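Asks: This is input-v6.cif (mmCIF, C-alpha atoms).
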data_work
loop_
_atom_site.label_atom_id
_atom_site.label_comp_id
_atom_site.auth_asym_id
_atom_site.auth_seq_id
_atom_site.Cartn_x
_atom_site.Cartn_y
_atom_site.Cartn_z
CA MET A 1 3.01 17.52 -2.60
CA ASN A 2 1.83 17.75 0.94
CA ALA A 3 -1.61 18.59 2.27
CA LYS A 4 -1.33 21.23 4.93
CA LYS A 5 -2.58 20.21 8.33
CA GLU A 6 -5.34 22.79 8.32
CA GLU A 7 -6.69 21.35 5.06
CA ASN A 8 -8.71 18.82 7.02
CA PRO A 9 -7.05 15.56 5.97
CA LEU A 10 -8.80 12.38 4.95
CA LYS A 11 -9.38 10.01 7.86
CA LYS A 12 -10.99 6.93 6.37
CA VAL A 13 -11.47 5.34 2.97
CA CYS A 14 -14.03 2.63 2.23
CA ILE A 15 -13.13 0.93 -1.03
CA ILE A 16 -15.50 -1.29 -3.00
CA CYS A 17 -13.97 -3.73 -5.50
CA ALA A 18 -16.49 -5.31 -7.87
CA LYS A 19 -14.19 -6.57 -10.62
CA GLY A 20 -11.71 -9.41 -10.73
CA ALA A 21 -9.17 -8.42 -13.39
CA ILE A 22 -5.61 -7.93 -12.14
CA GLU A 23 -5.68 -4.18 -12.72
CA ASP A 24 -8.99 -3.68 -10.91
CA VAL A 25 -7.87 -5.70 -7.92
CA TYR A 26 -4.49 -3.98 -7.78
CA ALA A 27 -6.08 -0.55 -8.00
CA THR A 28 -8.03 -1.49 -4.88
CA LEU A 29 -5.05 -2.99 -3.07
CA VAL A 30 -2.68 -0.10 -3.87
CA MET A 31 -5.26 2.42 -2.63
CA ALA A 32 -5.99 0.45 0.54
CA ASN A 33 -2.33 -0.08 1.33
CA GLY A 34 -1.49 3.51 0.44
CA ALA A 35 -4.15 4.65 2.89
CA VAL A 36 -2.91 2.68 5.88
CA MET A 37 0.66 3.76 5.10
CA GLU A 38 -0.51 7.37 5.45
CA GLY A 39 -2.28 6.65 8.70
CA ILE A 40 -5.70 6.66 7.01
CA GLU A 41 -8.15 3.96 8.09
CA ALA A 42 -9.06 1.58 5.23
CA LYS A 43 -12.00 -0.79 4.87
CA VAL A 44 -12.33 -2.84 1.71
CA PHE A 45 -15.49 -4.54 0.48
CA PHE A 46 -15.23 -7.20 -2.24
CA THR A 47 -18.30 -8.00 -4.29
CA PHE A 48 -19.29 -9.72 -7.56
CA PHE A 49 -16.21 -10.71 -9.59
CA GLY A 50 -14.00 -8.82 -7.18
CA LEU A 51 -14.55 -11.79 -4.85
CA ASP A 52 -11.93 -13.71 -6.85
CA ALA A 53 -9.30 -11.56 -5.15
CA ILE A 54 -10.24 -12.96 -1.72
CA THR A 55 -11.20 -16.49 -2.79
CA LYS A 56 -8.42 -18.92 -1.81
CA LYS A 57 -8.71 -20.91 -5.04
CA GLN A 58 -8.70 -17.91 -7.37
CA MET A 59 -6.56 -15.18 -5.84
CA LYS A 60 -3.31 -16.39 -7.40
CA LYS A 61 -4.89 -16.85 -10.81
CA LEU A 62 -6.13 -13.35 -11.59
CA HIS A 63 -5.87 -12.34 -15.23
CA THR A 64 -6.09 -9.19 -17.23
CA SER A 65 -8.46 -9.14 -20.18
CA THR A 66 -6.77 -9.18 -23.59
CA VAL A 67 -9.97 -8.55 -25.52
CA GLY A 68 -12.00 -5.36 -25.58
CA ASN A 69 -9.18 -3.40 -23.99
CA PRO A 70 -8.24 -0.53 -26.31
CA ALA A 71 -5.42 0.62 -24.04
CA MET A 72 -3.59 -2.71 -24.39
CA ARG A 73 -0.26 -2.44 -26.22
CA MET A 74 2.38 -4.85 -27.43
CA PRO A 75 5.79 -4.52 -25.79
CA GLY A 76 7.23 -1.66 -27.84
CA GLY A 77 3.96 0.23 -28.03
CA LEU A 78 2.16 -1.13 -31.10
CA PRO A 79 -1.59 -1.69 -30.68
CA PHE A 80 -2.56 -5.14 -29.43
CA PRO A 81 -5.06 -6.67 -31.90
CA THR A 82 -8.18 -7.95 -30.17
CA LEU A 83 -8.13 -11.03 -32.42
CA LEU A 84 -4.73 -11.96 -30.99
CA GLY A 85 -6.17 -11.71 -27.51
CA ILE A 86 -8.60 -14.56 -28.13
CA LEU A 87 -5.85 -17.11 -28.88
CA PRO A 88 -5.34 -19.76 -26.18
CA GLY A 89 -2.53 -18.85 -23.81
CA VAL A 90 -2.28 -15.21 -24.81
CA GLU A 91 -4.27 -13.92 -21.85
CA ALA A 92 -2.20 -16.07 -19.47
CA GLY A 93 1.03 -14.83 -21.06
CA VAL A 94 0.03 -11.18 -20.89
CA SER A 95 -1.12 -11.62 -17.28
CA ALA A 96 2.17 -13.27 -16.32
CA MET A 97 4.07 -10.42 -17.95
CA MET A 98 2.03 -7.82 -16.05
CA LYS A 99 2.70 -9.63 -12.78
CA SER A 100 6.44 -9.79 -13.41
CA GLN A 101 6.55 -6.08 -14.24
CA MET A 102 4.73 -5.27 -11.02
CA GLU A 103 7.09 -7.51 -9.05
CA ALA A 104 9.98 -5.48 -10.52
CA LEU A 105 8.41 -2.36 -8.95
CA ASP A 106 8.26 -4.20 -5.62
CA ILE A 107 4.48 -4.55 -5.85
CA PRO A 108 3.70 -7.81 -4.08
CA PRO A 109 1.50 -10.69 -5.23
CA VAL A 110 -2.14 -10.47 -4.13
CA ASP A 111 -1.83 -12.72 -1.06
CA GLU A 112 1.19 -10.83 0.26
CA PHE A 113 -0.53 -7.51 -0.44
CA PHE A 114 -3.36 -8.54 1.89
CA ASP A 115 -0.77 -9.38 4.58
CA MET A 116 0.65 -5.86 4.19
CA ILE A 117 -2.72 -4.11 4.29
CA THR A 118 -3.97 -5.98 7.34
CA ALA A 119 -0.60 -5.53 9.10
CA GLY A 120 -1.33 -1.81 8.85
CA GLY A 121 -4.81 -2.26 10.31
CA GLY A 122 -6.76 -2.35 7.04
CA GLU A 123 -9.96 -4.39 7.17
CA ILE A 124 -11.26 -6.79 4.52
CA TYR A 125 -14.93 -7.69 4.02
CA ALA A 126 -16.94 -9.78 1.56
CA CYS A 127 -20.39 -9.03 0.16
CA LYS A 128 -23.22 -11.20 1.43
CA MET A 129 -25.29 -11.05 -1.72
CA ALA A 130 -22.41 -11.89 -4.06
CA THR A 131 -21.09 -14.73 -1.89
CA ASP A 132 -24.61 -16.19 -1.86
CA MET A 133 -24.80 -15.83 -5.61
CA PHE A 134 -21.42 -17.49 -6.22
CA LYS A 135 -22.12 -20.08 -3.48
CA LEU A 136 -19.03 -19.09 -1.50
CA LYS A 137 -18.69 -19.68 2.23
CA LYS A 138 -16.46 -17.91 4.73
CA GLU A 139 -14.03 -20.85 4.61
CA ASP A 140 -13.61 -20.44 0.85
CA LEU A 141 -12.28 -16.95 1.49
CA ILE A 142 -8.85 -15.94 2.76
CA ASP A 143 -8.41 -15.73 6.52
CA HIS A 144 -7.98 -11.95 6.38
CA VAL A 145 -11.70 -11.57 5.60
CA ILE A 146 -13.21 -10.30 8.84
CA ASP A 147 -16.81 -10.88 7.93
CA ILE A 148 -19.41 -11.28 5.20
CA LEU A 149 -21.60 -8.18 5.26
CA THR A 150 -24.68 -6.77 3.60
CA ILE A 151 -24.12 -3.44 1.90
CA GLY A 152 -26.08 -1.80 4.70
CA GLU A 153 -23.69 -3.22 7.27
CA PHE A 154 -20.75 -1.98 5.20
CA TYR A 155 -22.24 1.52 5.06
CA ALA A 156 -22.57 1.37 8.82
CA LEU A 157 -18.75 1.10 8.93
CA ALA A 158 -18.39 4.08 6.59
CA GLY A 159 -19.49 6.80 8.99
CA GLY A 160 -17.45 9.56 10.53
CA GLU A 161 -16.13 12.84 9.23
CA ASN A 162 -13.64 12.92 6.36
CA THR A 163 -14.57 9.47 5.13
CA GLN A 164 -14.69 8.65 1.43
CA ILE A 165 -16.22 5.73 -0.40
CA ILE A 166 -14.29 4.71 -3.50
CA PHE A 167 -15.64 2.32 -6.13
CA THR A 168 -13.04 0.68 -8.34
CA MET B 1 14.03 25.23 2.05
CA ALA B 2 14.75 26.28 5.58
CA THR B 3 17.23 25.89 8.33
CA GLN B 4 16.03 24.41 11.57
CA ASN B 5 17.94 24.14 14.78
CA ILE B 6 17.68 20.49 15.76
CA ALA B 7 19.58 19.17 18.77
CA GLY B 8 21.72 22.31 18.79
CA VAL B 9 22.80 22.04 15.18
CA ASN B 10 21.56 24.01 12.18
CA ILE B 11 20.04 21.49 9.77
CA ASP B 12 18.73 22.10 6.23
CA VAL B 13 15.19 20.82 6.00
CA ASN B 14 12.54 21.09 3.29
CA ASP B 15 9.07 22.49 3.94
CA GLU B 16 7.81 19.06 5.00
CA GLY B 17 10.56 18.66 7.55
CA TYR B 18 12.71 16.15 5.67
CA LEU B 19 16.47 16.64 5.78
CA ASN B 20 17.90 18.01 2.55
CA ASP B 21 21.30 16.52 3.26
CA PRO B 22 21.37 13.02 4.81
CA SER B 23 24.96 13.59 5.92
CA GLN B 24 23.77 16.18 8.46
CA TRP B 25 21.96 13.38 10.30
CA THR B 26 23.08 12.27 13.73
CA LYS B 27 21.44 10.08 16.34
CA GLU B 28 20.65 13.21 18.37
CA VAL B 29 18.89 14.74 15.36
CA ALA B 30 16.89 11.51 14.95
CA ILE B 31 15.82 11.59 18.58
CA GLU B 32 14.63 15.21 18.26
CA ILE B 33 12.68 14.62 15.03
CA ALA B 34 11.16 11.46 16.53
CA LYS B 35 9.92 13.52 19.48
CA GLU B 36 8.03 15.77 17.05
CA GLU B 37 6.34 12.58 15.80
CA SER B 38 5.70 11.48 19.40
CA ILE B 39 8.00 8.49 19.00
CA GLU B 40 10.62 7.50 21.54
CA LEU B 41 13.44 5.76 19.73
CA THR B 42 14.66 2.34 20.85
CA ASP B 43 17.53 0.20 19.53
CA LYS B 44 15.04 -1.48 17.19
CA HIS B 45 14.09 1.91 15.75
CA PHE B 46 17.75 2.66 15.12
CA GLU B 47 18.26 -0.67 13.36
CA VAL B 48 15.45 0.29 10.98
CA LEU B 49 16.85 3.80 10.54
CA GLU B 50 20.31 2.44 9.69
CA PHE B 51 18.76 0.05 7.17
CA LEU B 52 16.85 2.91 5.53
CA ARG B 53 19.92 5.16 5.39
CA ASP B 54 21.99 2.37 3.96
CA ALA B 55 19.40 1.51 1.30
CA ASN B 56 18.98 5.19 0.44
CA GLU B 57 22.71 5.59 -0.01
CA LYS B 58 22.70 2.64 -2.42
CA GLY B 59 20.02 4.48 -4.39
CA SER B 60 17.23 1.93 -4.00
CA THR B 61 13.59 2.99 -3.93
CA LEU B 62 12.26 2.18 -0.50
CA THR B 63 9.01 0.38 0.17
CA ILE B 64 7.56 -1.06 3.37
CA ARG B 65 7.89 -4.43 1.64
CA LYS B 66 11.67 -4.03 1.45
CA VAL B 67 11.86 -3.11 5.11
CA GLY B 68 9.61 -6.10 5.89
CA LYS B 69 12.09 -8.38 4.13
CA SER B 70 15.13 -6.82 5.78
CA GLY B 71 15.09 -9.34 8.60
CA ILE B 72 15.01 -6.49 11.13
CA VAL B 73 11.29 -6.20 11.55
CA ASP B 74 8.16 -7.46 9.77
CA ILE B 75 5.60 -5.05 8.36
CA LYS B 76 3.35 -5.29 11.39
CA GLY B 77 6.35 -4.52 13.55
CA LEU B 78 7.22 -1.53 11.36
CA TYR B 79 3.71 -0.11 11.89
CA ASP B 80 4.15 -0.64 15.63
CA LEU B 81 7.46 1.24 15.62
CA PHE B 82 6.26 4.15 13.47
CA PRO B 83 2.48 4.34 13.95
CA GLY B 84 0.44 6.17 11.34
CA GLY B 85 3.22 6.43 8.76
CA PRO B 86 5.64 3.51 8.72
CA LEU B 87 7.70 4.64 5.75
CA LYS B 88 7.15 8.40 5.80
CA LYS B 89 7.88 8.89 9.48
CA SER B 90 10.81 6.48 9.51
CA SER B 91 12.34 8.17 6.44
CA ARG B 92 12.01 11.60 7.99
CA ILE B 93 13.58 10.42 11.24
CA ALA B 94 16.32 8.63 9.25
CA GLY B 95 17.18 11.93 7.57
CA ILE B 96 16.55 10.64 4.06
CA PRO B 97 14.16 12.03 1.40
CA LYS B 98 10.41 11.44 1.55
CA PRO B 99 9.63 8.02 0.01
CA SER B 100 8.62 8.25 -3.62
CA SER B 101 6.99 4.83 -3.98
CA CYS B 102 3.27 4.01 -3.77
CA VAL B 103 3.89 0.79 -1.84
#
Just give me the structure of the file as structure tokens.
Replies:
Amino acid sequence: MNAKKEENPLKKVCIICAKGAIEDVYATLVMANGAVMEGIEAKVFFTFFGLDAITKKQMKKLHTSTVGNPAMRMPGGLPFPTLLGILPGVEAGVSAMMKSQMEALDIPPVDEFFDMITAGGGEIYACKMATDMFKLKKEDLIDHVIDILTIGEFYALAGGENTQIIFT
Amino acid sequence: MATQNIAGVNIDVNDEGYLNDPSQWTKEVAIEIAKEESIELTDKHFEVLEFLRDANEKGSTLTIRKVGKSGIVDIKGLYDLFPGGPLKKSSRIAGIPKPSSCV
């Protein structure tokens, strides 16, 4: 598939990540990295639980939820019982398995993903209101975070033709 | 599917300008395709192109992460060499198929 030049290609994506589960964070990171790889400007705004992805202490400990997730399957395809998901260690085990499967596809860990995105010119921001709420300071966040912004300030970065805002 | 005269040779290219047959690639072809992308090739570019061709021949799925770990250039450097499309543009210039990975 290839968009024809006259089809007015996308120039900028502004992605908002409000959740901190592995799959939510990776959806954001894959889209941001995919954008810069295509020459599309990318600006990413982390808010609420999404802040875990850019918090030094938490970014390597992201988990996927093993309860209340009807799409979760056992290896082999059988349904994953929610009651099993509440057992100690199960969520950690499932999360570790997801990470190893992503590594096999050459999808990097979260910290390295940020290196890749910013190497391509992608920009990372944190939400002022959510950092206040979680009592996080700039120094608690990874160095790639350019600034802590209000949503209004983030919108100010989202101007220009052929810009899209994506909420994950 | 089309034939394009690149650097005086008839080359099979697909409708996005990627070579259909990597064996038709020569350095002269690379230089011509790079010009279309407004890139002037240096020795560093060619090191990357050789790495890509080699990896493609071995059948591995290419990602910018793999190129970044090749020891030739880091990811930032790859963006500097092929602005606005580090893997797509380099693959096209290397005469290999369009990358099929999302990273």
Asks: Compute the chain A side of the contact with chain B at 8 Å, counting all atoms listed in the file, and hand it back as a list in words.
Replies: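 Per the criterion, chain A yields Asn2, Val30, Asn33, Gly34, Val36, Met37, Glu38, Gly39, Ile40, Asp106, Ile107, Pro108, Met116, Ala119 and Gly120 of chain A.
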Asks: Write out as a PyMOL selection string the residues lying within 7 Å of Val25 in chain A, counting all atoms listed in the file and excluding same-chain residues fewer than 5 positions away.
Replies: chain A and resi 17+19-20+50+53
Asks: So how far away is CA of Gly95 in chain B from CA of Leu19 in chain B, in Å?
Replies: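 Pair CA of Leu19 in chain B / CA of Gly95 in chain B returns 5.1 Å.
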Asks: Would you mind reading off the distance between CA of Ala158 in chain A and CA of Tyr26 in chain A, one decimal, in Å?
Replies: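 So the answer is 21.6 Å.
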Asks: CA of Leu149 in chain A and CA of Asn162 in chain A are how many Å apart?
Replies: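 So the two atoms, CA of Leu149 in chain A and CA of Asn162 in chain A, lie 22.6 Å apart.
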Asks: Evaluate the PyMOL selection byres ((chain B and resi 25) around 10) here and jot the selected residues down as a PyMOL selection string.
Replies: chain B and resi 6+9+11+19-24+26-30+53+93-96
Asks: Which residues are close to range 7-13 of chain A, i.e. within 8 Å by all atoms listed in the file, leaving aside same-chain residues fewer than 6 positions away? Reply as a ChimeraX atom specification.
Replies: /A:32,35,39-43,158,161-166
Asks: On this file, the PyMOL selection byres ((chain A and resi 140) around 8) gives some set of residues; write that set as a VMD selection string.
Replies: chain A and resid 55 to 57 136 to 139 141 to 142
Asks: As a list of chain:residue names, please: the residues near Met97 in chain A (cut-off 12 Å, all atoms listed in the file, same-chain neighbours under 3 positions excluded).
Replies: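 Here the answer would be A:Ile22, A:His63, A:Thr64, A:Met74, A:Pro75, A:Val90, A:Glu91, A:Ala92, A:Gly93, A:Val94, A:Ser100, A:Gln101, A:Met102, A:Glu103, A:Ala104.
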Asks: Using only C-alpha atoms, which residue out of A:Val67, A:Leu29, A:Met72, A:Leu105 lies closest to Leu87 in chain A?
Replies: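 For Leu87 in chain A, the nearest of the given residues is A:Val67.
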Asks: Measuring atom to atom with only C-alpha atoms, identify which of B:Gln4, B:Ser60, B:Glu36, B:His45 is nearest to Pro99 in chain B.
Replies: B:Ser60
Asks: Please return as number ranges by chain every residue within 12 Å of (15.4, -6.1, 13.4), taking into account all atoms listed in the file and the file's own coordinates.
Replies: B: 42-51, 67-75, 77-78, 81
Asks: Might you pull out every residue within 12 Å of Asp132 in chain A, with all atoms listed in the file counted and same-chain residues fewer than 3 positions away left off, and present them as JSON, numbers by chain?
Replies: {"A": [47, 48, 51, 126, 127, 128, 129, 135, 136, 137, 138, 148, 149, 150]}
Asks: With distances taken over all atoms listed in the file, which of B:Ile31, B:Val13, B:Ala2, B:Leu41 is nearest to Lys98 in chain B?
Replies: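 Checking each of B:Ile31, B:Val13, B:Ala2, B:Leu41 against Lys98 in chain B, counting all atoms listed in the file, the winner is B:Val13.
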Asks: Is it possible to get the axis-aligned box enclosing range 99-114 of chain A (all listed atoms, 5 Å extra per side) as lines of an AutoDock Vina configuration file, with centre and edge lengths in Å rounded to one decimal?
Replies:
center_x = 3.3
center_y = -7.5
center_z = -6.2
size_x = 23.3
size_y = 20.4
size_z = 26.1
Asks: Can I get a file of range 56-111 of chain A from the given structure, C-alpha atoms kept, as an mmCIF file, in the first residue's frame?
Replies:
data_model
loop_
_atom_site.group_PDB
_atom_site.id
_atom_site.type_symbol
_atom_site.label_atom_id
_atom_site.label_comp_id
_atom_site.auth_asym_id
_atom_site.auth_seq_id
_atom_site.Cartn_x
_atom_site.Cartn_y
_atom_site.Cartn_z
ATOM 1 C CA LYS A 56 12.129 6.460 35.642
ATOM 2 C CA LYS A 57 11.062 4.162 38.484
ATOM 3 C CA GLN A 58 8.146 2.568 36.633
ATOM 4 C CA MET A 59 8.973 2.413 32.945
ATOM 5 C CA LYS A 60 10.688 -0.977 33.137
ATOM 6 C CA LYS A 61 7.921 -2.477 35.244
ATOM 7 C CA LEU A 62 4.893 -2.060 33.007
ATOM 8 C CA HIS A 63 2.376 -4.882 33.175
ATOM 9 C CA THR A 64 -0.568 -6.064 31.196
ATOM 10 C CA SER A 65 -3.803 -6.675 33.057
ATOM 11 C CA THR A 66 -4.763 -10.332 33.466
ATOM 12 C CA VAL A 67 -8.214 -9.593 34.844
ATOM 13 C CA GLY A 68 -11.141 -8.128 32.970
ATOM 14 C CA ASN A 69 -9.465 -8.731 29.629
ATOM 15 C CA PRO A 70 -11.729 -10.951 27.519
ATOM 16 C CA ALA A 71 -9.223 -11.093 24.661
ATOM 17 C CA MET A 72 -6.590 -12.739 26.877
ATOM 18 C CA ARG A 73 -5.749 -16.313 25.845
ATOM 19 C CA MET A 74 -3.587 -19.094 27.205
ATOM 20 C CA PRO A 75 -0.673 -20.133 25.006
ATOM 21 C CA GLY A 76 -2.463 -22.478 22.611
ATOM 22 C CA GLY A 77 -5.581 -20.346 22.397
ATOM 23 C CA LEU A 78 -7.813 -21.480 25.268
ATOM 24 C CA PRO A 79 -9.595 -18.697 27.155
ATOM 25 C CA PHE A 80 -7.686 -17.283 30.117
ATOM 26 C CA PRO A 81 -9.909 -17.525 33.224
ATOM 27 C CA THR A 82 -10.165 -14.208 35.058
ATOM 28 C CA LEU A 83 -9.880 -16.062 38.378
ATOM 29 C CA LEU A 84 -6.444 -17.325 37.328
ATOM 30 C CA GLY A 85 -5.408 -13.762 36.619
ATOM 31 C CA ILE A 86 -5.815 -12.734 40.243
ATOM 32 C CA LEU A 87 -3.240 -15.252 41.537
ATOM 33 C CA PRO A 88 0.040 -13.729 42.749
ATOM 34 C CA GLY A 89 2.719 -13.793 40.074
ATOM 35 C CA VAL A 90 0.410 -14.535 37.166
ATOM 36 C CA GLU A 91 0.264 -10.943 35.945
ATOM 37 C CA ALA A 92 4.056 -10.661 36.191
ATOM 38 C CA GLY A 93 4.484 -13.941 34.302
ATOM 39 C CA VAL A 94 2.083 -12.973 31.533
ATOM 40 C CA SER A 95 3.739 -9.549 31.248
ATOM 41 C CA ALA A 96 7.198 -11.116 31.014
ATOM 42 C CA MET A 97 5.940 -13.450 28.303
ATOM 43 C CA MET A 98 4.470 -10.553 26.316
ATOM 44 C CA LYS A 99 7.748 -8.665 26.564
ATOM 45 C CA SER A 100 9.773 -11.643 25.364
ATOM 46 C CA GLN A 101 7.444 -12.150 22.408
ATOM 47 C CA MET A 102 7.808 -8.501 21.445
ATOM 48 C CA GLU A 103 11.585 -8.731 21.777
ATOM 49 C CA ALA A 104 11.464 -11.656 19.317
ATOM 50 C CA LEU A 105 9.817 -9.292 16.796
ATOM 51 C CA ASP A 106 12.641 -6.800 17.391
ATOM 52 C CA ILE A 107 10.339 -4.466 19.308
ATOM 53 C CA PRO A 108 12.585 -2.781 21.867
ATOM 54 C CA PRO A 109 12.019 -2.307 25.599
ATOM 55 C CA VAL A 110 10.299 0.953 26.555
ATOM 56 C CA ASP A 111 13.469 2.916 27.389
#
